[in-house]
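upload_7.cif, holding mmCIF, C-alpha atoms:
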data_upload
#
loop_
_atom_site.group_PDB
_atom_site.id
_atom_site.type_symbol
_atom_site.label_atom_id
_atom_site.label_comp_id
_atom_site.auth_asym_id
_atom_site.auth_seq_id
_atom_site.Cartn_x
_atom_site.Cartn_y
_atom_site.Cartn_z
ATOM 1 C CA MET A 21 1.262 -70.682 177.563
ATOM 2 C CA SER A 22 3.369 -68.373 179.685
ATOM 3 C CA GLN A 23 1.987 -65.148 181.000
ATOM 4 C CA GLU A 24 4.618 -63.251 179.040
ATOM 5 C CA HIS A 25 3.106 -64.563 175.829
ATOM 6 C CA THR A 26 -0.532 -63.849 176.649
ATOM 7 C CA LEU A 27 0.314 -60.250 177.460
ATOM 8 C CA ASN A 28 2.348 -59.813 174.278
ATOM 9 C CA PRO A 29 0.130 -61.041 171.449
ATOM 10 C CA GLU A 30 1.323 -60.593 167.888
ATOM 11 C CA VAL A 31 -1.940 -58.953 166.966
ATOM 12 C CA MET A 32 -3.543 -56.587 169.433
ATOM 13 C CA PRO A 33 -7.185 -57.290 170.264
ATOM 14 C CA ASP A 34 -9.726 -54.695 169.178
ATOM 15 C CA GLU A 35 -9.524 -52.773 172.406
ATOM 16 C CA PRO A 36 -6.127 -53.565 173.953
ATOM 17 C CA GLU A 37 -6.854 -51.138 176.791
ATOM 18 C CA LYS A 38 -9.771 -53.278 177.945
ATOM 19 C CA ALA A 39 -8.470 -56.764 177.162
ATOM 20 C CA THR A 40 -7.494 -57.567 180.757
ATOM 21 C CA LEU A 41 -9.519 -57.224 183.958
ATOM 22 C CA GLU A 42 -6.964 -54.753 185.255
ATOM 23 C CA GLY A 43 -7.360 -52.711 182.076
ATOM 24 C CA LYS A 44 -11.152 -52.712 182.387
ATOM 25 C CA ASN A 45 -10.898 -51.544 185.976
ATOM 26 C CA LYS A 46 -8.446 -48.793 185.090
ATOM 27 C CA PHE A 47 -10.712 -47.599 182.298
ATOM 28 C CA LEU A 48 -13.803 -47.432 184.520
ATOM 29 C CA GLY A 49 -11.977 -46.002 187.506
ATOM 30 C CA PHE A 50 -10.450 -43.315 185.382
ATOM 31 C CA TRP A 51 -13.806 -42.145 184.074
ATOM 32 C CA PHE A 52 -15.066 -41.950 187.673
ATOM 33 C CA PHE A 53 -12.046 -39.804 188.435
ATOM 34 C CA LEU A 54 -12.795 -37.536 185.462
ATOM 35 C CA GLY A 55 -16.327 -37.031 186.802
ATOM 36 C CA GLY A 56 -14.759 -35.838 190.054
ATOM 37 C CA GLU A 57 -12.294 -33.611 188.231
ATOM 38 C CA THR A 58 -15.210 -31.971 186.429
ATOM 39 C CA VAL A 59 -16.685 -30.979 189.789
ATOM 40 C CA LEU A 60 -13.297 -29.701 191.005
ATOM 41 C CA PHE A 61 -12.935 -27.435 187.974
ATOM 42 C CA ALA A 62 -16.579 -26.360 188.226
ATOM 43 C CA SER A 63 -15.963 -25.040 191.742
ATOM 44 C CA LEU A 64 -13.000 -23.046 190.432
ATOM 45 C CA PHE A 65 -15.003 -21.756 187.448
ATOM 46 C CA GLY A 66 -17.880 -20.823 189.772
ATOM 47 C CA THR A 67 -15.487 -18.925 192.047
ATOM 48 C CA TYR A 68 -13.930 -17.168 189.082
ATOM 49 C CA LEU A 69 -17.294 -16.111 187.612
ATOM 50 C CA ALA A 70 -18.428 -14.867 190.996
ATOM 51 C CA LEU A 71 -15.268 -12.835 191.659
ATOM 52 C CA ARG A 72 -14.134 -11.652 188.251
ATOM 53 C CA GLY A 73 -15.765 -8.265 188.738
ATOM 54 C CA SER A 74 -13.860 -7.557 191.982
ATOM 55 C CA THR A 75 -10.736 -6.118 190.393
ATOM 56 C CA MET A 76 -9.698 -3.336 192.850
ATOM 57 C CA GLY A 77 -8.501 -1.019 190.076
ATOM 58 C CA ASP A 78 -7.491 -1.098 186.443
ATOM 59 C CA ASN A 79 -6.282 -4.681 186.167
ATOM 60 C CA THR A 80 -9.551 -5.921 184.698
ATOM 61 C CA PRO A 81 -9.896 -8.956 182.421
ATOM 62 C CA GLU A 82 -10.431 -6.588 179.493
ATOM 63 C CA ASN A 83 -7.199 -4.653 180.078
ATOM 64 C CA LEU A 84 -5.003 -7.611 180.930
ATOM 65 C CA PHE A 85 -5.722 -10.366 178.463
ATOM 66 C CA GLY A 86 -4.078 -10.541 175.046
ATOM 67 C CA LEU A 87 -5.972 -12.806 172.678
ATOM 68 C CA GLU A 88 -2.998 -13.504 170.376
ATOM 69 C CA LEU A 89 -1.139 -15.539 172.974
ATOM 70 C CA VAL A 90 -4.332 -17.300 174.074
ATOM 71 C CA PHE A 91 -5.045 -18.240 170.471
ATOM 72 C CA ILE A 92 -1.564 -19.730 170.045
ATOM 73 C CA MET A 93 -1.948 -21.662 173.321
ATOM 74 C CA THR A 94 -5.347 -22.976 172.197
ATOM 75 C CA MET A 95 -3.921 -24.205 168.883
ATOM 76 C CA LEU A 96 -0.990 -25.885 170.648
ATOM 77 C CA LEU A 97 -3.214 -27.761 173.083
ATOM 78 C CA LEU A 98 -5.831 -28.660 170.479
ATOM 79 C CA THR A 99 -3.164 -30.058 168.151
ATOM 80 C CA SER A 100 -1.605 -32.016 171.012
ATOM 81 C CA SER A 101 -5.020 -33.590 171.562
ATOM 82 C CA LEU A 102 -5.033 -34.819 167.948
ATOM 83 C CA THR A 103 -1.466 -36.139 168.181
ATOM 84 C CA SER A 104 -2.413 -38.231 171.197
ATOM 85 C CA VAL A 105 -5.320 -39.643 169.156
ATOM 86 C CA TYR A 106 -2.679 -40.660 166.582
ATOM 87 C CA ALA A 107 -0.663 -42.307 169.356
ATOM 88 C CA MET A 108 -3.691 -44.394 170.382
ATOM 89 C CA TYR A 109 -4.342 -45.264 166.725
ATOM 90 C CA HIS A 110 -0.833 -46.727 166.459
ATOM 91 C CA MET A 111 -1.266 -48.488 169.797
ATOM 92 C CA LYS A 112 -4.269 -50.366 168.366
ATOM 93 C CA ASN A 113 -2.206 -51.281 165.310
ATOM 94 C CA ASN A 114 0.511 -52.602 167.645
ATOM 95 C CA ASP A 115 3.064 -50.142 166.246
ATOM 96 C CA PHE A 116 5.053 -49.221 169.332
ATOM 97 C CA PRO A 117 7.723 -46.938 167.748
ATOM 98 C CA LYS A 118 5.074 -44.816 166.027
ATOM 99 C CA MET A 119 3.062 -44.606 169.219
ATOM 100 C CA GLN A 120 6.138 -43.379 171.096
ATOM 101 C CA LEU A 121 6.818 -40.859 168.322
ATOM 102 C CA TRP A 122 3.311 -39.360 168.467
ATOM 103 C CA LEU A 123 3.378 -39.300 172.255
ATOM 104 C CA GLY A 124 6.694 -37.454 171.973
ATOM 105 C CA ILE A 125 5.100 -34.861 169.678
ATOM 106 C CA THR A 126 2.253 -34.514 172.186
ATOM 107 C CA VAL A 127 4.763 -33.866 174.956
ATOM 108 C CA VAL A 128 6.602 -31.213 172.898
ATOM 109 C CA LEU A 129 3.327 -29.379 172.157
ATOM 110 C CA GLY A 130 2.345 -29.606 175.819
ATOM 111 C CA LEU A 131 5.689 -28.154 176.887
ATOM 112 C CA ALA A 132 5.238 -25.281 174.414
ATOM 113 C CA PHE A 133 1.805 -24.614 175.925
ATOM 114 C CA LEU A 134 3.242 -24.598 179.429
ATOM 115 C CA GLY A 135 6.033 -22.241 178.321
ATOM 116 C CA CYS A 136 3.442 -19.790 176.946
ATOM 117 C CA GLU A 137 1.503 -19.938 180.195
ATOM 118 C CA ILE A 138 4.592 -19.269 182.321
ATOM 119 C CA TYR A 139 5.439 -16.329 180.051
ATOM 120 C CA GLU A 140 1.859 -15.045 180.387
ATOM 121 C CA PHE A 141 1.897 -15.139 184.194
ATOM 122 C CA TYR A 142 5.385 -13.596 184.306
ATOM 123 C CA HIS A 143 4.182 -10.829 182.013
ATOM 124 C CA TYR A 144 1.139 -10.068 184.212
ATOM 125 C CA VAL A 145 3.214 -9.989 187.389
ATOM 126 C CA HIS A 146 6.065 -7.849 186.044
ATOM 127 C CA GLU A 147 4.361 -5.542 183.533
ATOM 128 C CA TYR A 148 1.045 -5.052 185.287
ATOM 129 C CA GLU A 149 1.909 -5.898 188.905
ATOM 130 C CA PHE A 150 -1.086 -8.213 188.746
ATOM 131 C CA THR A 151 -0.457 -10.955 191.300
ATOM 132 C CA PHE A 152 -2.331 -13.637 193.205
ATOM 133 C CA SER A 153 -3.021 -11.162 196.043
ATOM 134 C CA SER A 154 -3.832 -8.079 193.902
ATOM 135 C CA SER A 155 -7.581 -8.587 194.039
ATOM 136 C CA ALA A 156 -10.276 -11.226 194.386
ATOM 137 C CA PHE A 157 -10.222 -11.439 190.580
ATOM 138 C CA GLY A 158 -6.448 -12.059 190.737
ATOM 139 C CA SER A 159 -6.807 -14.893 193.250
ATOM 140 C CA ALA A 160 -9.625 -16.532 191.304
ATOM 141 C CA PHE A 161 -7.815 -16.158 187.974
ATOM 142 C CA TYR A 162 -4.489 -17.586 189.102
ATOM 143 C CA THR A 163 -6.185 -20.428 190.987
ATOM 144 C CA LEU A 164 -8.313 -21.513 188.020
ATOM 145 C CA VAL A 165 -5.759 -21.100 185.233
ATOM 146 C CA GLY A 166 -2.901 -22.235 187.483
ATOM 147 C CA PHE A 167 -4.772 -25.397 188.417
ATOM 148 C CA HIS A 168 -5.198 -26.155 184.745
ATOM 149 C CA GLY A 169 -1.493 -25.453 184.146
ATOM 150 C CA GLY A 170 -0.695 -27.796 187.021
ATOM 151 C CA HIS A 171 -2.752 -30.488 185.299
ATOM 152 C CA VAL A 172 -0.790 -29.922 182.098
ATOM 153 C CA ALA A 173 2.503 -30.243 183.998
ATOM 154 C CA PHE A 174 1.309 -33.410 185.723
ATOM 155 C CA GLY A 175 0.039 -34.873 182.445
ATOM 156 C CA LEU A 176 3.406 -34.218 180.797
ATOM 157 C CA LEU A 177 5.307 -35.899 183.636
ATOM 158 C CA TRP A 178 2.903 -38.811 183.442
ATOM 159 C CA ILE A 179 3.315 -39.349 179.695
ATOM 160 C CA ILE A 180 7.099 -38.890 179.834
ATOM 161 C CA THR A 181 7.348 -41.392 182.701
ATOM 162 C CA LEU A 182 5.280 -43.944 180.743
ATOM 163 C CA MET A 183 7.397 -43.449 177.625
ATOM 164 C CA VAL A 184 10.680 -43.874 179.500
ATOM 165 C CA ARG A 185 9.523 -46.769 181.671
ATOM 166 C CA ASN A 186 8.182 -48.760 178.714
ATOM 167 C CA ALA A 187 10.804 -47.776 176.121
ATOM 168 C CA LYS A 188 12.537 -51.166 176.276
ATOM 169 C CA ARG A 189 9.498 -53.221 177.240
ATOM 170 C CA GLY A 190 7.521 -52.482 174.123
ATOM 171 C CA LEU A 191 3.755 -52.523 173.929
ATOM 172 C CA SER A 192 1.811 -55.193 175.782
ATOM 173 C CA LEU A 193 -1.637 -55.778 177.206
ATOM 174 C CA TYR A 194 -0.094 -54.855 180.561
ATOM 175 C CA ASN A 195 0.865 -51.314 179.621
ATOM 176 C CA ALA A 196 -1.704 -50.550 176.887
ATOM 177 C CA PRO A 197 -4.330 -49.482 179.495
ATOM 178 C CA LYS A 198 -1.742 -47.211 181.095
ATOM 179 C CA PHE A 199 -1.127 -45.386 177.818
ATOM 180 C CA TYR A 200 -4.842 -45.244 177.045
ATOM 181 C CA VAL A 201 -5.742 -43.725 180.408
ATOM 182 C CA ALA A 202 -2.951 -41.140 180.122
ATOM 183 C CA SER A 203 -4.316 -40.097 176.729
ATOM 184 C CA LEU A 204 -7.823 -39.746 178.220
ATOM 185 C CA TYR A 205 -6.327 -37.455 180.858
ATOM 186 C CA TRP A 206 -4.657 -35.394 178.148
ATOM 187 C CA HIS A 207 -7.959 -34.968 176.271
ATOM 188 C CA PHE A 208 -9.654 -33.944 179.507
ATOM 189 C CA ILE A 209 -7.043 -31.208 179.953
ATOM 190 C CA ASP A 210 -8.053 -29.898 176.539
ATOM 191 C CA VAL A 211 -11.747 -30.086 177.500
ATOM 192 C CA VAL A 212 -11.052 -27.854 180.510
ATOM 193 C CA TRP A 213 -8.983 -25.477 178.376
ATOM 194 C CA VAL A 214 -11.884 -25.024 175.924
ATOM 195 C CA PHE A 215 -13.942 -23.652 178.804
ATOM 196 C CA ILE A 216 -11.040 -21.570 180.109
ATOM 197 C CA PHE A 217 -10.424 -19.820 176.805
ATOM 198 C CA THR A 218 -14.158 -19.291 176.346
ATOM 199 C CA VAL A 219 -15.193 -18.254 179.854
ATOM 200 C CA VAL A 220 -12.036 -16.544 181.115
ATOM 201 C CA TYR A 221 -10.411 -14.993 178.063
ATOM 202 C CA LEU A 222 -13.071 -14.526 175.383
ATOM 203 C CA MET A 223 -15.904 -13.613 177.761
ATOM 204 C CA GLY A 224 -13.426 -11.461 179.688
ATOM 205 C CA LYS A 225 -12.652 -9.502 176.540
ATOM 206 C CA VAL A 226 -16.309 -9.119 175.602
ATOM 207 C CA GLY A 227 -17.017 -7.741 179.076
ATOM 208 C CA MET B 30 -5.266 -74.533 158.948
ATOM 209 C CA VAL B 31 -4.295 -72.543 155.857
ATOM 210 C CA GLU B 32 -7.850 -71.341 155.411
ATOM 211 C CA ASN B 33 -7.944 -70.318 159.004
ATOM 212 C CA THR B 34 -4.816 -68.168 158.646
ATOM 213 C CA ASN B 35 -6.260 -66.579 155.537
ATOM 214 C CA SER B 36 -9.459 -65.588 157.249
ATOM 215 C CA THR B 37 -7.509 -64.119 160.203
ATOM 216 C CA ASN B 38 -5.489 -62.077 157.745
ATOM 217 C CA THR B 39 -8.552 -60.722 155.965
ATOM 218 C CA ASN B 40 -10.073 -60.004 159.324
ATOM 219 C CA LEU B 41 -6.917 -58.199 160.392
ATOM 220 C CA GLU B 42 -6.835 -56.155 157.233
ATOM 221 C CA TYR B 43 -10.494 -55.316 157.627
ATOM 222 C CA LYS B 44 -9.848 -54.090 161.145
ATOM 223 C CA ARG B 45 -6.856 -52.040 160.059
ATOM 224 C CA ALA B 46 -8.907 -50.443 157.289
ATOM 225 C CA LYS B 47 -11.677 -49.699 159.759
ATOM 226 C CA ARG B 48 -9.247 -48.028 162.149
ATOM 227 C CA LYS B 49 -7.797 -46.002 159.306
ATOM 228 C CA GLU B 50 -11.280 -44.868 158.360
ATOM 229 C CA GLU B 51 -11.917 -43.855 161.959
ATOM 230 C CA MET B 52 -8.650 -41.941 162.068
ATOM 231 C CA LYS B 53 -9.795 -39.949 159.019
ATOM 232 C CA GLN B 54 -12.965 -39.036 160.913
ATOM 233 C CA GLN B 55 -10.822 -37.894 163.828
ATOM 234 C CA VAL B 56 -8.895 -35.548 161.554
ATOM 235 C CA VAL B 57 -12.196 -34.113 160.245
ATOM 236 C CA THR B 58 -13.315 -33.638 163.862
ATOM 237 C CA PHE B 59 -10.069 -31.828 164.564
ATOM 238 C CA ALA B 60 -10.555 -29.532 161.566
ATOM 239 C CA LEU B 61 -14.074 -28.677 162.766
ATOM 240 C CA MET B 62 -12.753 -27.903 166.243
ATOM 241 C CA ILE B 63 -10.172 -25.543 164.745
ATOM 242 C CA VAL B 64 -12.932 -23.841 162.731
ATOM 243 C CA PHE B 65 -15.097 -23.395 165.857
ATOM 244 C CA THR B 66 -12.146 -21.908 167.723
ATOM 245 C CA ILE B 67 -11.411 -19.456 164.921
ATOM 246 C CA ILE B 68 -15.089 -18.424 164.750
ATOM 247 C CA ALA B 69 -15.094 -17.826 168.517
ATOM 248 C CA PHE B 70 -11.956 -15.684 168.469
ATOM 249 C CA THR B 71 -13.080 -13.700 165.400
ATOM 250 C CA MET B 72 -16.447 -12.951 166.968
ATOM 251 C CA VAL B 73 -14.764 -11.467 170.010
ATOM 252 C CA THR B 74 -12.362 -9.323 167.982
ATOM 253 C CA ALA B 75 -15.251 -8.166 165.762
ATOM 254 C CA ASP B 76 -16.737 -6.074 168.625
ATOM 255 C CA LEU B 77 -20.300 -7.361 168.388
ATOM 256 C CA ASP B 78 -23.015 -6.943 171.009
ATOM 257 C CA LYS B 79 -22.134 -9.004 174.064
ATOM 258 C CA LEU B 80 -25.639 -10.368 174.621
ATOM 259 C CA PHE B 81 -25.363 -11.817 171.136
ATOM 260 C CA VAL B 82 -21.763 -13.049 171.347
ATOM 261 C CA ILE B 83 -21.679 -14.738 174.779
ATOM 262 C CA PRO B 84 -24.424 -17.358 174.140
ATOM 263 C CA ILE B 85 -22.807 -18.280 170.814
ATOM 264 C CA LEU B 86 -19.384 -18.585 172.468
ATOM 265 C CA LEU B 87 -20.845 -20.974 175.047
ATOM 266 C CA VAL B 88 -22.615 -23.063 172.414
ATOM 267 C CA LEU B 89 -19.405 -23.306 170.350
ATOM 268 C CA ALA B 90 -17.493 -24.409 173.468
ATOM 269 C CA ILE B 91 -20.077 -27.059 174.361
ATOM 270 C CA VAL B 92 -20.159 -28.468 170.811
ATOM 271 C CA GLN B 93 -16.365 -28.552 170.685
ATOM 272 C CA VAL B 94 -16.202 -30.365 174.022
ATOM 273 C CA GLY B 95 -18.817 -32.813 172.727
ATOM 274 C CA PHE B 96 -16.548 -33.627 169.781
ATOM 275 C CA GLN B 97 -13.629 -34.061 172.143
ATOM 276 C CA LEU B 98 -15.603 -36.440 174.392
ATOM 277 C CA TYR B 99 -17.397 -38.500 171.747
ATOM 278 C CA TYR B 100 -14.665 -38.769 169.119
ATOM 279 C CA PHE B 101 -11.275 -38.109 170.711
ATOM 280 C CA MET B 102 -12.193 -39.823 173.980
ATOM 281 C CA HIS B 103 -14.249 -42.511 172.155
ATOM 282 C CA MET B 104 -17.450 -42.063 174.159
ATOM 283 C CA SER B 105 -19.375 -42.891 170.975
ATOM 284 C CA HIS B 106 -17.945 -46.432 171.106
ATOM 285 C CA LYS B 107 -19.708 -49.361 172.701
ATOM 286 C CA GLY B 108 -19.126 -50.077 176.386
ATOM 287 C CA HIS B 109 -19.236 -46.481 177.597
ATOM 288 C CA GLU B 110 -22.458 -46.701 179.609
ATOM 289 C CA MET B 111 -20.810 -46.511 183.039
ATOM 290 C CA PRO B 112 -18.303 -43.848 181.975
ATOM 291 C CA SER B 113 -21.193 -41.742 180.615
ATOM 292 C CA LEU B 114 -23.160 -42.177 183.815
ATOM 293 C CA MET B 115 -20.184 -41.164 185.941
ATOM 294 C CA PHE B 116 -19.114 -38.307 183.726
ATOM 295 C CA TYR B 117 -22.575 -36.811 183.341
ATOM 296 C CA GLY B 118 -23.095 -37.296 187.079
ATOM 297 C CA GLY B 119 -20.012 -35.125 187.514
ATOM 298 C CA VAL B 120 -21.294 -32.627 184.948
ATOM 299 C CA SER B 121 -24.651 -32.214 186.704
ATOM 300 C CA VAL B 122 -22.968 -31.612 190.064
ATOM 301 C CA ALA B 123 -20.609 -29.217 188.279
ATOM 302 C CA PHE B 124 -23.571 -27.306 186.849
ATOM 303 C CA LEU B 125 -25.189 -27.038 190.301
ATOM 304 C CA THR B 126 -21.895 -25.866 191.815
ATOM 305 C CA ILE B 127 -21.518 -23.031 189.325
ATOM 306 C CA LEU B 128 -25.177 -22.071 189.637
ATOM 307 C CA THR B 129 -24.936 -21.971 193.443
ATOM 308 C CA MET B 130 -21.884 -19.733 193.433
ATOM 309 C CA LEU B 131 -23.368 -17.317 190.923
ATOM 310 C CA VAL B 132 -26.672 -17.091 192.794
ATOM 311 C CA LEU B 133 -24.821 -16.469 196.069
ATOM 312 C CA VAL B 134 -23.003 -13.497 194.585
ATOM 313 C CA TRP B 135 -25.689 -12.039 192.361
ATOM 314 C CA TRP B 136 -28.603 -12.297 194.760
#
I need this file expressed as structure tokens, please.
Amino acid sequence: MSQEHTLNPEVMPDEPEKATLEGKNKFLGFWFFLGGETVLFASLFGTYLALRGSTMGDNTPENLFGLELVFIMTMLLLTSSLTSVYAMYHMKNNDFPKMQLWLGITVVLGLAFLGCEIYEFYHYVHEYEFTFSSSAFGSAFYTLVGFHGGHVAFGLLWIITLMVRNAKRGLSLYNAPKFYVASLYWHFIDVVWVFIFTVVYLMGKVG
Amino acid sequence: MVENTNSTNTNLEYKRAKRKEEMKQQVVTFALMIVFTIIAFTMVTADLDKLFVIPILLVLAIVQVGFQLYYFMHMSHKGHEMPSLMFYGGVSVAFLTILTMLVLVWW
């Protein structure tokens, strides 16, 4: 049996992402990485919570934030999390075109989220003259939310690259772990966003 | 040989049905997450006492993240012992990090 054939079975095993040793290693390694990412974001959240009161004037969380936009962004990212679950569902059913379709929808939602965030930052800088160097609150806010936005941008590039690179290859046990790990990353981005909208925006509005 | 193929087919169909069932659960999870989000946003716009609102907001966030981890990221499936260990290791360090920074400032 050629290697080509073993990696392209007609029926996917139960967990195609963990069917090969390489896949198992990717899966474990990626969870280790997510543990580290949690600590990275915690240090940014800690900094933000410590500095959010140091506003040097009227640009306070309460005056700046508009909940309408944040709500739309939350819905976009939350829905994109579900669409990537659909993509993984079709991966397990060995339905490559549908998986690509749902990943594509995920990417579109992610781009919409990123667009909203760019608009938000642009709005703060131009309407409120609230920049990275305005105050300690400004630095902490842009670092935390910007780091998350950077993760979204990286996640999008990652998924797009996977989709393009594997478009003609189709689904196999070689690339299934790659797709699976990228979807884990995308869910993690949503996990961080849940805390951002709660701690930064909602708690900022409450005071 | 024929019997063998038949049993693989039933097995395959069983697995497909199982996955479909799981996907339905995922959609229910998603609906619950949307509901939690709407509750959180409504509570903030409703102008309630902040000592009452903030703990509830945090609980809603933690429950929602739990759904995300255990259903969307499949941590409820078998074979997630090491990932749980690593992830919760990260979470405990994360908790200490935030606590340290807050204590430093508020002391």
Legend entry - Contacts of Ile63 in chain B at 12 Å (only C-alpha atoms; same-chain gap of 2+ positions) as a list in words: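 Near Ile63 in chain B, the qualifying residues are Phe91, Ile92, Thr94, Met95, Leu96, Leu97, Leu98, Thr99, Ser101, Leu102 and Val214 of chain A; Val56, Val57, Thr58, Phe59, Ala60, Leu61, Phe65, Thr66, Ile67, Ile68, Ala69, Phe70, Leu89, Ala90, Gln93, Phe96 and Gln97 of chain B.
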Legend entry - Selected residue, from A:Val220, A:Leu64, A:Leu41, A:Val31, that lies nearest to Ala123 in chain B when counting only C-alpha atoms: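 Closest to Ala123 in chain B, using only C-alpha atoms: A:Leu64.
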Legend entry - Hits from the PyMOL selection byres ((chain A and resi 68) around 10), listed as a PyMOL selection string: (chain A and resi 62-67+69-73+156-165+219-220) or (chain B and resi 127+130-131)
Thr103 in chain A environment, 12 Å, only C-alpha atoms, sequence neighbours closer than 3 positions dropped, as a PDB file with C-alpha atoms, in the frame of the given file:
ATOM      1  CA  LEU A  96      -0.990 -25.885 170.648  1.00  0.00           C
ATOM      2  CA  LEU A  97      -3.214 -27.761 173.083  1.00  0.00           C
ATOM      3  CA  LEU A  98      -5.831 -28.660 170.479  1.00  0.00           C
ATOM      4  CA  THR A  99      -3.164 -30.058 168.151  1.00  0.00           C
ATOM      5  CA  SER A 100      -1.605 -32.016 171.012  1.00  0.00           C
ATOM      6  CA  TYR A 106      -2.679 -40.660 166.582  1.00  0.00           C
ATOM      7  CA  ALA A 107      -0.663 -42.307 169.356  1.00  0.00           C
ATOM      8  CA  MET A 108      -3.691 -44.394 170.382  1.00  0.00           C
ATOM      9  CA  TYR A 109      -4.342 -45.264 166.725  1.00  0.00           C
ATOM     10  CA  HIS A 110      -0.833 -46.727 166.459  1.00  0.00           C
ATOM     11  CA  LYS A 118       5.074 -44.816 166.027  1.00  0.00           C
ATOM     12  CA  MET A 119       3.062 -44.606 169.219  1.00  0.00           C
ATOM     13  CA  GLN A 120       6.138 -43.379 171.096  1.00  0.00           C
ATOM     14  CA  LEU A 121       6.818 -40.859 168.322  1.00  0.00           C
ATOM     15  CA  TRP A 122       3.311 -39.360 168.467  1.00  0.00           C
ATOM     16  CA  LEU A 123       3.378 -39.300 172.255  1.00  0.00           C
ATOM     17  CA  GLY A 124       6.694 -37.454 171.973  1.00  0.00           C
ATOM     18  CA  ILE A 125       5.100 -34.861 169.678  1.00  0.00           C
ATOM     19  CA  THR A 126       2.253 -34.514 172.186  1.00  0.00           C
ATOM     20  CA  VAL A 127       4.763 -33.866 174.956  1.00  0.00           C
ATOM     21  CA  VAL A 128       6.602 -31.213 172.898  1.00  0.00           C
ATOM     22  CA  LEU A 129       3.327 -29.379 172.157  1.00  0.00           C
ATOM     23  CA  GLY A 130       2.345 -29.606 175.819  1.00  0.00           C
ATOM     24  CA  SER A 203      -4.316 -40.097 176.729  1.00  0.00           C
ATOM     25  CA  TRP A 206      -4.657 -35.394 178.148  1.00  0.00           C
ATOM     26  CA  HIS A 207      -7.959 -34.968 176.271  1.00  0.00           C
TER      27      HIS A 207
ATOM     28  CA  MET B  52      -8.650 -41.941 162.068  1.00  0.00           C
ATOM     29  CA  GLN B  55     -10.822 -37.894 163.828  1.00  0.00           C
ATOM     30  CA  VAL B  56      -8.895 -35.548 161.554  1.00  0.00           C
ATOM     31  CA  PHE B  59     -10.069 -31.828 164.564  1.00  0.00           C
ATOM     32  CA  PHE B 101     -11.275 -38.109 170.711  1.00  0.00           C
TER      33      PHE B 101
END
Inset, instruction - Between CA of Ile138 in chain A and CA of Gly169 in chain A, measure the distance and give it in Å to one decimal. - result: 8.9 Å
